[in-house]
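J.: Just so it is clear, I am handing over data_26.tsv, which has TSV, N, CA and C atoms.
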chain	number	residue	atom	x	y	z
C	1	MET	N	7.61	21.52	4.64
C	1	MET	CA	7.78	20.61	5.75
C	1	MET	C	8.86	19.58	5.44
C	2	VAL	N	9.58	19.20	6.47
C	2	VAL	CA	10.58	18.15	6.34
C	2	VAL	C	9.85	16.82	6.16
C	3	GLY	N	10.25	16.07	5.16
C	3	GLY	CA	9.66	14.76	4.90
C	3	GLY	C	10.40	13.68	5.65
C	4	LEU	N	9.70	12.57	5.92
C	4	LEU	CA	10.28	11.46	6.65
C	4	LEU	C	10.19	10.18	5.83
C	5	VAL	N	11.27	9.40	5.88
C	5	VAL	CA	11.29	8.06	5.28
C	5	VAL	C	11.57	7.09	6.40
C	6	ILE	N	10.71	6.10	6.55
C	6	ILE	CA	10.85	5.08	7.58
C	6	ILE	C	11.38	3.82	6.91
C	7	VAL	N	12.59	3.40	7.29
C	7	VAL	CA	13.21	2.23	6.70
C	7	VAL	C	13.29	1.13	7.75
C	8	SER	N	12.68	0.00	7.44
C	8	SER	CA	12.72	-1.16	8.32
C	8	SER	C	12.91	-2.41	7.48
C	9	HIS	N	13.46	-3.42	8.08
C	9	HIS	CA	13.59	-4.71	7.41
C	9	HIS	C	12.23	-5.36	7.18
C	10	SER	N	11.24	-4.93	7.92
C	10	SER	CA	9.88	-5.47	7.81
C	10	SER	C	8.97	-4.40	7.23
C	11	SER	N	8.27	-4.75	6.17
C	11	SER	CA	7.32	-3.79	5.59
C	11	SER	C	6.21	-3.47	6.59
C	12	GLN	N	5.82	-4.45	7.40
C	12	GLN	CA	4.77	-4.22	8.39
C	12	GLN	C	5.23	-3.26	9.48
C	13	VAL	N	6.46	-3.39	9.92
C	13	VAL	CA	6.99	-2.46	10.92
C	13	VAL	C	7.04	-1.05	10.34
C	14	ALA	N	7.56	-0.91	9.14
C	14	ALA	CA	7.66	0.41	8.51
C	14	ALA	C	6.28	1.04	8.35
C	15	GLU	N	5.31	0.26	7.90
C	15	GLU	CA	3.95	0.77	7.74
C	15	GLU	C	3.32	1.14	9.08
C	16	GLY	N	3.59	0.34	10.10
C	16	GLY	CA	3.05	0.63	11.43
C	16	GLY	C	3.62	1.91	12.02
C	17	VAL	N	4.92	2.10	11.87
C	17	VAL	CA	5.56	3.34	12.36
C	17	VAL	C	5.02	4.53	11.59
C	18	LYS	N	4.88	4.38	10.28
C	18	LYS	CA	4.31	5.46	9.46
C	18	LYS	C	2.90	5.79	9.93
C	19	GLU	N	2.09	4.76	10.16
C	19	GLU	CA	0.71	4.97	10.59
C	19	GLU	C	0.65	5.74	11.91
C	20	LEU	N	1.47	5.33	12.87
C	20	LEU	CA	1.47	5.99	14.17
C	20	LEU	C	1.93	7.44	14.05
C	21	ALA	N	3.04	7.67	13.36
C	21	ALA	CA	3.56	9.03	13.20
C	21	ALA	C	2.56	9.90	12.43
C	22	SER	N	1.90	9.33	11.43
C	22	SER	CA	0.92	10.08	10.65
C	22	SER	C	-0.30	10.46	11.47
C	23	GLN	N	-0.67	9.61	12.43
C	23	GLN	CA	-1.79	9.95	13.30
C	23	GLN	C	-1.45	11.11	14.22
C	24	MET	N	-0.18	11.25	14.55
C	24	MET	CA	0.26	12.36	15.41
C	24	MET	C	0.46	13.65	14.62
C	25	ALA	N	0.74	13.52	13.33
C	25	ALA	CA	1.02	14.69	12.49
C	25	ALA	C	0.59	14.36	11.06
C	26	SER	N	-0.69	14.48	10.81
C	26	SER	CA	-1.27	13.99	9.55
C	26	SER	C	-0.84	14.75	8.31
C	27	ASP	N	-0.35	15.97	8.46
C	27	ASP	CA	0.02	16.75	7.29
C	27	ASP	C	1.47	16.57	6.86
C	28	VAL	N	2.26	15.81	7.62
C	28	VAL	CA	3.68	15.62	7.31
C	28	VAL	C	3.83	14.51	6.27
C	29	PRO	N	4.64	14.77	5.23
C	29	PRO	CA	4.88	13.71	4.24
C	29	PRO	C	5.76	12.60	4.84
C	30	ILE	N	5.20	11.40	4.93
C	30	ILE	CA	5.91	10.25	5.49
C	30	ILE	C	5.70	9.07	4.55
C	31	VAL	N	6.79	8.37	4.23
C	31	VAL	CA	6.70	7.18	3.40
C	31	VAL	C	7.41	6.03	4.10
C	32	ALA	N	6.78	4.87	4.08
C	32	ALA	CA	7.39	3.65	4.61
C	32	ALA	C	8.16	2.96	3.49
C	33	ALA	N	9.39	2.58	3.79
C	33	ALA	CA	10.21	1.85	2.82
C	33	ALA	C	10.73	0.60	3.52
C	34	GLY	N	9.82	-0.33	3.76
C	34	GLY	CA	10.19	-1.53	4.49
C	34	GLY	C	10.18	-2.76	3.63
C	35	GLY	N	11.04	-3.70	3.98
C	35	GLY	CA	11.11	-4.97	3.27
C	35	GLY	C	11.77	-4.82	1.92
C	36	THR	N	11.89	-5.96	1.25
C	36	THR	CA	12.48	-5.97	-0.09
C	36	THR	C	11.38	-5.80	-1.13
C	37	SER	N	11.79	-5.59	-2.37
C	37	SER	CA	10.82	-5.38	-3.44
C	37	SER	C	9.96	-6.63	-3.70
C	38	ASP	N	10.46	-7.80	-3.30
C	38	ASP	CA	9.67	-9.02	-3.50
C	38	ASP	C	8.99	-9.49	-2.21
C	39	GLY	N	8.91	-8.60	-1.21
C	39	GLY	CA	8.14	-8.89	0.00
C	39	GLY	C	8.86	-9.63	1.11
C	40	ARG	N	10.14	-9.86	0.95
C	40	ARG	CA	10.89	-10.55	2.00
C	40	ARG	C	11.41	-9.55	3.04
C	41	LEU	N	11.93	-10.09	4.14
C	41	LEU	CA	12.60	-9.25	5.13
C	41	LEU	C	13.89	-8.72	4.54
C	42	GLY	N	14.17	-7.48	4.81
C	42	GLY	CA	15.38	-6.84	4.30
C	42	GLY	C	15.07	-5.41	3.90
C	43	THR	N	16.03	-4.78	3.28
C	43	THR	CA	15.81	-3.43	2.78
C	43	THR	C	16.24	-3.35	1.33
C	44	ASP	N	15.75	-2.35	0.64
C	44	ASP	CA	15.92	-2.25	-0.80
C	44	ASP	C	16.32	-0.82	-1.16
C	45	VAL	N	17.49	-0.67	-1.79
C	45	VAL	CA	18.01	0.65	-2.14
C	45	VAL	C	17.04	1.41	-3.03
C	46	GLU	N	16.48	0.75	-4.03
C	46	GLU	CA	15.56	1.43	-4.95
C	46	GLU	C	14.28	1.87	-4.23
C	47	LYS	N	13.78	1.04	-3.35
C	47	LYS	CA	12.58	1.39	-2.58
C	47	LYS	C	12.85	2.64	-1.72
C	48	ILE	N	14.02	2.68	-1.10
C	48	ILE	CA	14.39	3.82	-0.26
C	48	ILE	C	14.56	5.07	-1.12
C	49	SER	N	15.22	4.93	-2.24
C	49	SER	CA	15.44	6.06	-3.15
C	49	SER	C	14.11	6.63	-3.64
C	50	ASN	N	13.18	5.76	-4.01
C	50	ASN	CA	11.86	6.22	-4.45
C	50	ASN	C	11.10	6.90	-3.32
C	51	ALA	N	11.24	6.38	-2.11
C	51	ALA	CA	10.57	7.00	-0.95
C	51	ALA	C	11.11	8.40	-0.71
C	52	ILE	N	12.42	8.57	-0.83
C	52	ILE	CA	13.03	9.89	-0.67
C	52	ILE	C	12.43	10.86	-1.69
C	53	LYS	N	12.37	10.44	-2.93
C	53	LYS	CA	11.82	11.29	-3.99
C	53	LYS	C	10.36	11.65	-3.71
C	54	ASP	N	9.61	10.71	-3.15
C	54	ASP	CA	8.19	10.95	-2.86
C	54	ASP	C	7.97	12.04	-1.82
C	55	VAL	N	8.86	12.15	-0.84
C	55	VAL	CA	8.65	13.13	0.24
C	55	VAL	C	9.58	14.34	0.14
C	56	TYR	N	10.43	14.37	-0.86
C	56	TYR	CA	11.44	15.43	-0.94
C	56	TYR	C	10.82	16.81	-1.18
C	57	SER	N	11.35	17.77	-0.46
C	57	SER	CA	11.08	19.19	-0.71
C	57	SER	C	12.35	19.94	-0.35
C	58	GLU	N	12.38	21.21	-0.61
C	58	GLU	CA	13.54	22.04	-0.26
C	58	GLU	C	13.79	22.06	1.25
C	59	ASP	N	12.76	21.69	2.04
C	59	ASP	CA	12.93	21.64	3.50
C	59	ASP	C	13.78	20.46	3.93
C	60	GLY	N	13.90	19.44	3.08
C	60	GLY	CA	14.76	18.31	3.37
C	60	GLY	C	14.01	17.05	3.74
C	61	VAL	N	14.79	16.01	3.96
C	61	VAL	CA	14.27	14.69	4.29
C	61	VAL	C	15.10	14.09	5.41
C	62	LEU	N	14.42	13.45	6.34
C	62	LEU	CA	15.08	12.66	7.38
C	62	LEU	C	14.74	11.20	7.16
C	63	ILE	N	15.74	10.35	7.25
C	63	ILE	CA	15.55	8.91	7.12
C	63	ILE	C	15.78	8.29	8.49
C	64	LEU	N	14.78	7.56	8.98
C	64	LEU	CA	14.90	6.84	10.24
C	64	LEU	C	14.91	5.35	9.91
C	65	PHE	N	15.71	4.57	10.63
C	65	PHE	CA	15.92	3.18	10.26
C	65	PHE	C	15.97	2.28	11.49
C	66	ASP	N	15.84	0.96	11.24
C	66	ASP	CA	15.82	0.03	12.37
C	66	ASP	C	17.16	-0.64	12.64
C	67	LEU	N	17.85	-1.15	11.67
C	67	LEU	CA	19.08	-1.91	11.89
C	67	LEU	C	20.19	-1.44	10.95
C	68	GLY	N	21.41	-1.85	11.24
C	68	GLY	CA	22.60	-1.39	10.54
C	68	GLY	C	22.57	-1.48	9.03
C	69	SER	N	22.10	-2.60	8.47
C	69	SER	CA	22.10	-2.70	7.01
C	69	SER	C	21.08	-1.76	6.38
C	70	ALA	N	20.05	-1.38	7.14
C	70	ALA	CA	19.11	-0.38	6.64
C	70	ALA	C	19.83	0.96	6.49
C	71	TYR	N	20.72	1.26	7.42
C	71	TYR	CA	21.54	2.48	7.33
C	71	TYR	C	22.40	2.43	6.07
C	72	MET	N	23.05	1.31	5.85
C	72	MET	CA	23.93	1.15	4.70
C	72	MET	C	23.14	1.33	3.39
C	73	ASN	N	21.97	0.72	3.30
C	73	ASN	CA	21.16	0.87	2.09
C	73	ASN	C	20.62	2.28	1.93
C	74	ALA	N	20.32	2.95	3.03
C	74	ALA	CA	19.90	4.35	2.96
C	74	ALA	C	21.04	5.21	2.40
C	75	GLU	N	22.26	4.95	2.86
C	75	GLU	CA	23.41	5.69	2.32
C	75	GLU	C	23.56	5.47	0.81
C	76	MET	N	23.41	4.21	0.39
C	76	MET	CA	23.53	3.91	-1.05
C	76	MET	C	22.40	4.57	-1.84
C	77	ALA	N	21.21	4.61	-1.27
C	77	ALA	CA	20.08	5.27	-1.95
C	77	ALA	C	20.37	6.76	-2.14
C	78	ILE	N	20.92	7.39	-1.13
C	78	ILE	CA	21.26	8.81	-1.22
C	78	ILE	C	22.32	9.04	-2.29
C	79	GLU	N	23.31	8.15	-2.36
C	79	GLU	CA	24.38	8.28	-3.36
C	79	GLU	C	23.85	8.19	-4.78
C	80	CYS	N	22.71	7.54	-4.97
C	80	CYS	CA	22.12	7.38	-6.31
C	80	CYS	C	21.36	8.62	-6.77
C	81	LEU	N	21.12	9.55	-5.86
C	81	LEU	CA	20.33	10.74	-6.18
C	81	LEU	C	21.22	11.89	-6.65
C	82	ASP	N	20.61	12.87	-7.30
C	82	ASP	CA	21.33	14.07	-7.70
C	82	ASP	C	21.92	14.75	-6.47
C	83	GLU	N	23.07	15.36	-6.65
C	83	GLU	CA	23.75	16.02	-5.53
C	83	GLU	C	22.90	17.13	-4.91
C	84	ASP	N	22.11	17.83	-5.72
C	84	ASP	CA	21.26	18.90	-5.19
C	84	ASP	C	20.26	18.35	-4.18
C	85	ILE	N	19.78	17.14	-4.42
C	85	ILE	CA	18.83	16.51	-3.51
C	85	ILE	C	19.58	15.86	-2.34
C	86	SER	N	20.62	15.11	-2.65
C	86	SER	CA	21.30	14.32	-1.62
C	86	SER	C	21.90	15.15	-0.50
C	87	LYS	N	22.29	16.38	-0.79
C	87	LYS	CA	22.90	17.20	0.27
C	87	LYS	C	21.88	17.67	1.30
C	88	ASN	N	20.60	17.47	1.02
C	88	ASN	CA	19.54	17.93	1.92
C	88	ASN	C	18.81	16.77	2.60
C	89	ILE	N	19.51	15.63	2.72
C	89	ILE	CA	18.96	14.44	3.33
C	89	ILE	C	19.86	14.02	4.48
C	90	SER	N	19.26	13.66	5.60
C	90	SER	CA	20.03	13.18	6.76
C	90	SER	C	19.48	11.83	7.21
C	91	ILE	N	20.38	10.92	7.53
C	91	ILE	CA	20.01	9.65	8.13
C	91	ILE	C	20.16	9.84	9.63
C	92	VAL	N	19.12	9.47	10.38
C	92	VAL	CA	19.09	9.74	11.81
C	92	VAL	C	19.19	8.43	12.59
C	93	ASP	N	20.21	8.33	13.43
C	93	ASP	CA	20.39	7.16	14.28
C	93	ASP	C	19.70	7.44	15.62
C	94	THR	N	18.45	7.01	15.72
C	94	THR	CA	17.65	7.26	16.92
C	94	THR	C	16.64	6.13	17.05
C	95	ALA	N	15.93	6.10	18.15
C	95	ALA	CA	14.88	5.10	18.33
C	95	ALA	C	13.85	5.27	17.21
C	96	LEU	N	13.52	4.19	16.53
C	96	LEU	CA	12.68	4.29	15.33
C	96	LEU	C	11.29	4.85	15.62
C	97	VAL	N	10.57	4.25	16.54
C	97	VAL	CA	9.19	4.67	16.79
C	97	VAL	C	9.16	6.06	17.44
C	98	GLU	N	9.88	6.22	18.53
C	98	GLU	CA	9.88	7.50	19.23
C	98	GLU	C	10.45	8.61	18.36
C	99	GLY	N	11.50	8.28	17.61
C	99	GLY	CA	12.11	9.26	16.72
C	99	GLY	C	11.17	9.69	15.61
C	100	ALA	N	10.45	8.73	15.04
C	100	ALA	CA	9.51	9.07	13.96
C	100	ALA	C	8.39	9.97	14.46
C	101	ILE	N	7.88	9.66	15.64
C	101	ILE	CA	6.81	10.50	16.21
C	101	ILE	C	7.34	11.90	16.50
C	102	THR	N	8.49	11.98	17.14
C	102	THR	CA	9.08	13.29	17.45
C	102	THR	C	9.35	14.08	16.18
C	103	ALA	N	9.96	13.44	15.18
C	103	ALA	CA	10.27	14.13	13.93
C	103	ALA	C	9.00	14.59	13.23
C	104	ALA	N	7.97	13.76	13.23
C	104	ALA	CA	6.72	14.14	12.56
C	104	ALA	C	6.07	15.33	13.25
C	105	VAL	N	6.01	15.30	14.57
C	105	VAL	CA	5.40	16.42	15.31
C	105	VAL	C	6.21	17.70	15.10
C	106	GLU	N	7.53	17.59	15.19
C	106	GLU	CA	8.39	18.77	14.98
C	106	GLU	C	8.22	19.32	13.56
C	107	SER	N	8.16	18.45	12.57
C	107	SER	CA	7.96	18.90	11.20
C	107	SER	C	6.60	19.58	11.04
C	108	SER	N	5.60	19.04	11.72
C	108	SER	CA	4.24	19.59	11.58
C	108	SER	C	4.12	21.00	12.13
C	109	ILE	N	5.03	21.38	13.02
C	109	ILE	CA	5.01	22.75	13.55
C	109	ILE	C	6.09	23.60	12.88
C	110	ASN	N	6.47	23.13	11.67
C	110	ASN	CA	7.38	23.86	10.78
C	110	ASN	C	8.78	24.07	11.33
C	111	LYS	N	9.26	23.14	12.13
C	111	LYS	CA	10.66	23.19	12.53
C	111	LYS	C	11.50	22.80	11.31
C	112	ASN	N	12.68	23.40	11.18
C	112	ASN	CA	13.54	23.03	10.06
C	112	ASN	C	14.32	21.75	10.39
C	113	LYS	N	15.01	21.25	9.41
C	113	LYS	CA	15.69	19.96	9.55
C	113	LYS	C	16.68	19.97	10.71
C	114	GLU	N	17.43	21.03	10.86
C	114	GLU	CA	18.43	21.11	11.94
C	114	GLU	C	17.76	21.14	13.31
C	115	GLU	N	16.64	21.84	13.43
C	115	GLU	CA	15.90	21.87	14.69
C	115	GLU	C	15.33	20.50	15.05
C	116	ILE	N	14.87	19.79	14.04
C	116	ILE	CA	14.34	18.44	14.28
C	116	ILE	C	15.48	17.52	14.70
C	117	LEU	N	16.62	17.62	14.03
C	117	LEU	CA	17.77	16.79	14.42
C	117	LEU	C	18.19	17.09	15.86
C	118	GLU	N	18.12	18.33	16.25
C	118	GLU	CA	18.46	18.70	17.63
C	118	GLU	C	17.46	18.08	18.62
C	119	ALA	N	16.18	18.08	18.26
C	119	ALA	CA	15.17	17.46	19.12
C	119	ALA	C	15.38	15.96	19.23
C	120	LEU	N	15.91	15.34	18.18
C	120	LEU	CA	16.15	13.89	18.19
C	120	LEU	C	17.46	13.52	18.87
C	121	HIS	N	18.35	14.48	19.05
C	121	HIS	CA	19.69	14.20	19.60
C	121	HIS	C	19.64	13.51	20.96
C	122	PRO	N	18.83	13.95	21.92
C	122	PRO	CA	18.82	13.25	23.22
C	122	PRO	C	18.41	11.78	23.09
C	123	MET	N	17.50	11.48	22.18
C	123	MET	CA	17.08	10.08	21.98
C	123	MET	C	18.22	9.25	21.40
C	124	ALA	N	19.00	9.87	20.52
C	124	ALA	CA	20.13	9.15	19.93
C	124	ALA	C	21.16	8.80	20.99
C	125	LEU	N	21.19	9.58	22.07
C	125	LEU	CA	22.12	9.31	23.17
C	125	LEU	C	21.51	8.42	24.24
C	126	GLY	N	20.27	7.95	24.00
C	126	GLY	CA	19.61	7.09	24.96
C	126	GLY	C	18.92	7.84	26.08
C	127	LYS	N	18.71	9.14	25.91
C	127	LYS	CA	18.05	9.97	26.91
C	127	LYS	C	16.79	10.56	26.30
C	128	MET	N	15.70	10.48	27.01
C	128	MET	CA	14.46	11.07	26.50
C	128	MET	C	14.47	12.57	26.79
C	129	PRO	N	13.89	13.36	25.88
C	129	PRO	CA	13.88	14.81	26.11
C	129	PRO	C	13.00	15.20	27.28
Represent the supplied structure as structure tokens.
T.:
Amino acid sequence: MVGLVIVSHSSQVAEGVKELASQMASDVPIVAAGGTSDGRLGTDVEKISNAIKDVYSEDGVLILFDLGSAYMNAEMAIECLDEDISKNISIVDTALVEGAITAAVESSINKNKEEILEALHPMALGKMP
């Protein structure tokens, strides 16, 4: 199954999105990587990198994020990983809550990473499927 990493500047937001997506697809590996390592608002490259490692499989990982600097830190986290792992990770620019639920449900029915990205594409364009 494709794993999901939820990156938010708020640990509570990340945990809430994870909780909701997990309730819709309980068997999908999902990790919240919200806030900084010392509990402040922000994002943390090491926290994101560890989250990727926690959910990684050959099926790949999708990273969903809330704001621009979360994207930047997700990119840096990917750069810190081995190339064999990093080439199988995608950062998805889509609505965080709706995207996480859609990705989790699609992963739970064994869609591959490309199929899940296709399902998320209309949301990234501001159109619901």
J.: Do a neighbour search on Thr36 of chain C at 7 Å with only N, CA and C atoms, toss out local chain neighbours closer than 6 positions, and write the hits as number ranges by chain.
T.: C: 9-11, 42-44
J.: Separation of atom CA of Glu75 of chain C and atom CA of Ile116 of chain C, in Å?
T.: 19.7 Å
J.: Using only C-alpha atoms, can you tell me which of C:Lys113, C:Lys87, C:Lys47, C:His121 comes closest to Val7 of chain C?
T.: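 Going through C:Lys113, C:Lys87, C:Lys47, C:His121 one by one, the smallest distance to Val7 of chain C is for C:Lys47.
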J.: Using only N, CA and C atoms, determine which residues lie at most 7 Å from Asp66 of chain C, disregarding the query and same-chain residues fewer than 3 positions distant; provide the list as a list in words.
T.: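 Near Asp66 of chain C, the qualifying residues are Ile6, Val7, Ser8, His9, Ser69, Ala70, Tyr71 and Leu96 of chain C.
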J.: Hey, which of C:Leu117, C:Ile85, C:Val97, C:Ile91 ends up closest to Tyr56 of chain C? Count all atoms listed in the file.
T.: C:Ile85
J.: Tell me, which residues of segment 47-113 of chain C carry DSSP strand (DSSP E), written as JSON, numbers by chain?
T.: {"C": [61, 62, 63, 64, 65, 89, 90, 91, 92]}
J.: (5.5, 8.0, 11.6) in this file's frame - what residues fall within 8 Å of it? Use only C-alpha atoms and give the answer as a PyMOL selection string.
T.: chain C and resi 4+6+16-24+30+97+100-101+104
J.: If you measure from atom C of Val92 of chain C to atom N of Leu41 of chain C, what distance in Å do you get, rounded to one decimal?
T.: 21.6 Å
J.: Give me, as an MDAnalysis selection string, the residues of chain C that a backbone DSSP run labels helix (DSSP H, G or I).
T.: chainID C and resid 11:24 45:55 68:79 83:86 96:108 113:124
J.: Please list as a VMD selection string every residue within 8 Å of Val5 of chain C, counting only N, CA and C atoms and excluding residues in the same chain fewer than 2 positions away.
T.: chain C and resid 2 to 3 7 to 8 29 to 33 48 51 to 52 55 61 to 65
J.: In Å, with one decimal, what is the gap from atom CA of Arg40 of chain C to atom CA of Gln12 of chain C?
T.: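 Atom CA of Arg40 of chain C sits 10.9 Å away from atom CA of Gln12 of chain C.
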J.: Which residue is closest to Gly34 of chain C? Choose from C:Glu83, C:Ile78, C:Glu46, C:Glu15 and count all atoms listed in the file.
T.: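 Looking only at the distances to Gly34 of chain C, the closest residue turns out to be C:Glu15.
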J.: Please provide the set of residues having any atom within 12 Å of Glu115 of chain C, restricted to only C-alpha atoms, with same-chain residues fewer than 2 positions apart removed, written as a ChimeraX atom specification.
T.: /C:2,59-60,62,102-103,105-107,109-113,117-121
J.: Pick the closest to Ala77 of chain C from C:Ala95, C:Ser90, C:Ser49, C:Asp54: which is it, counting all atoms listed in the file?
T.: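 Of C:Ala95, C:Ser90, C:Ser49, C:Asp54, the one nearest Ala77 of chain C, counting all atoms listed in the file, is C:Ser49.
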J.: Starting from the structure just given, write a file holding segment 47-64 of chain C with N, CA and C atoms, as a PDB file, in the first residue's frame.
T.:
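In the end it all went to out.pdb:
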ATOM      1  N   LYS C  47      11.695  15.432  11.264  1.00  0.00           N
ATOM      2  CA  LYS C  47      10.405  14.815  11.586  1.00  0.00           C
ATOM      3  C   LYS C  47       9.757  14.258  10.305  1.00  0.00           C
ATOM      4  N   ILE C  48       9.832  15.020   9.230  1.00  0.00           N
ATOM      5  CA  ILE C  48       9.258  14.590   7.954  1.00  0.00           C
ATOM      6  C   ILE C  48      10.027  13.385   7.414  1.00  0.00           C
ATOM      7  N   SER C  49      11.339  13.446   7.474  1.00  0.00           N
ATOM      8  CA  SER C  49      12.179  12.344   6.996  1.00  0.00           C
ATOM      9  C   SER C  49      11.880  11.058   7.761  1.00  0.00           C
ATOM     10  N   ASN C  50      11.760  11.156   9.071  1.00  0.00           N
ATOM     11  CA  ASN C  50      11.432   9.974   9.883  1.00  0.00           C
ATOM     12  C   ASN C  50      10.045   9.441   9.559  1.00  0.00           C
ATOM     13  N   ALA C  51       9.098  10.340   9.306  1.00  0.00           N
ATOM     14  CA  ALA C  51       7.741   9.912   8.937  1.00  0.00           C
ATOM     15  C   ALA C  51       7.753   9.151   7.618  1.00  0.00           C
ATOM     16  N   ILE C  52       8.529   9.635   6.665  1.00  0.00           N
ATOM     17  CA  ILE C  52       8.647   8.944   5.372  1.00  0.00           C
ATOM     18  C   ILE C  52       9.169   7.526   5.594  1.00  0.00           C
ATOM     19  N   LYS C  53      10.220   7.410   6.375  1.00  0.00           N
ATOM     20  CA  LYS C  53      10.805   6.092   6.652  1.00  0.00           C
ATOM     21  C   LYS C  53       9.799   5.165   7.337  1.00  0.00           C
ATOM     22  N   ASP C  54       8.967   5.732   8.209  1.00  0.00           N
ATOM     23  CA  ASP C  54       7.980   4.923   8.939  1.00  0.00           C
ATOM     24  C   ASP C  54       6.927   4.308   8.025  1.00  0.00           C
ATOM     25  N   VAL C  55       6.545   4.997   6.957  1.00  0.00           N
ATOM     26  CA  VAL C  55       5.475   4.483   6.087  1.00  0.00           C
ATOM     27  C   VAL C  55       5.989   3.954   4.752  1.00  0.00           C
ATOM     28  N   TYR C  56       7.287   4.020   4.529  1.00  0.00           N
ATOM     29  CA  TYR C  56       7.829   3.658   3.218  1.00  0.00           C
ATOM     30  C   TYR C  56       7.652   2.172   2.906  1.00  0.00           C
ATOM     31  N   SER C  57       7.273   1.915   1.676  1.00  0.00           N
ATOM     32  CA  SER C  57       7.290   0.572   1.101  1.00  0.00           C
ATOM     33  C   SER C  57       7.612   0.740  -0.377  1.00  0.00           C
ATOM     34  N   GLU C  58       7.790  -0.350  -1.067  1.00  0.00           N
ATOM     35  CA  GLU C  58       8.058  -0.303  -2.507  1.00  0.00           C
ATOM     36  C   GLU C  58       6.894   0.326  -3.284  1.00  0.00           C
ATOM     37  N   ASP C  59       5.702   0.378  -2.656  1.00  0.00           N
ATOM     38  CA  ASP C  59       4.546   0.999  -3.307  1.00  0.00           C
ATOM     39  C   ASP C  59       4.664   2.515  -3.352  1.00  0.00           C
ATOM     40  N   GLY C  60       5.500   3.085  -2.487  1.00  0.00           N
ATOM     41  CA  GLY C  60       5.743   4.517  -2.509  1.00  0.00           C
ATOM     42  C   GLY C  60       5.092   5.265  -1.370  1.00  0.00           C
ATOM     43  N   VAL C  61       5.347   6.565  -1.365  1.00  0.00           N
ATOM     44  CA  VAL C  61       4.847   7.461  -0.327  1.00  0.00           C
ATOM     45  C   VAL C  61       4.345   8.734  -0.980  1.00  0.00           C
ATOM     46  N   LEU C  62       3.227   9.224  -0.477  1.00  0.00           N
ATOM     47  CA  LEU C  62       2.715  10.537  -0.868  1.00  0.00           C
ATOM     48  C   LEU C  62       2.789  11.446   0.343  1.00  0.00           C
ATOM     49  N   ILE C  63       3.269  12.661   0.132  1.00  0.00           N
ATOM     50  CA  ILE C  63       3.332  13.663   1.188  1.00  0.00           C
ATOM     51  C   ILE C  63       2.314  14.739   0.873  1.00  0.00           C
ATOM     52  N   LEU C  64       1.408  14.982   1.815  1.00  0.00           N
ATOM     53  CA  LEU C  64       0.418  16.046   1.679  1.00  0.00           C
ATOM     54  C   LEU C  64       0.768  17.122   2.695  1.00  0.00           C
TER      55      LEU C  64
END
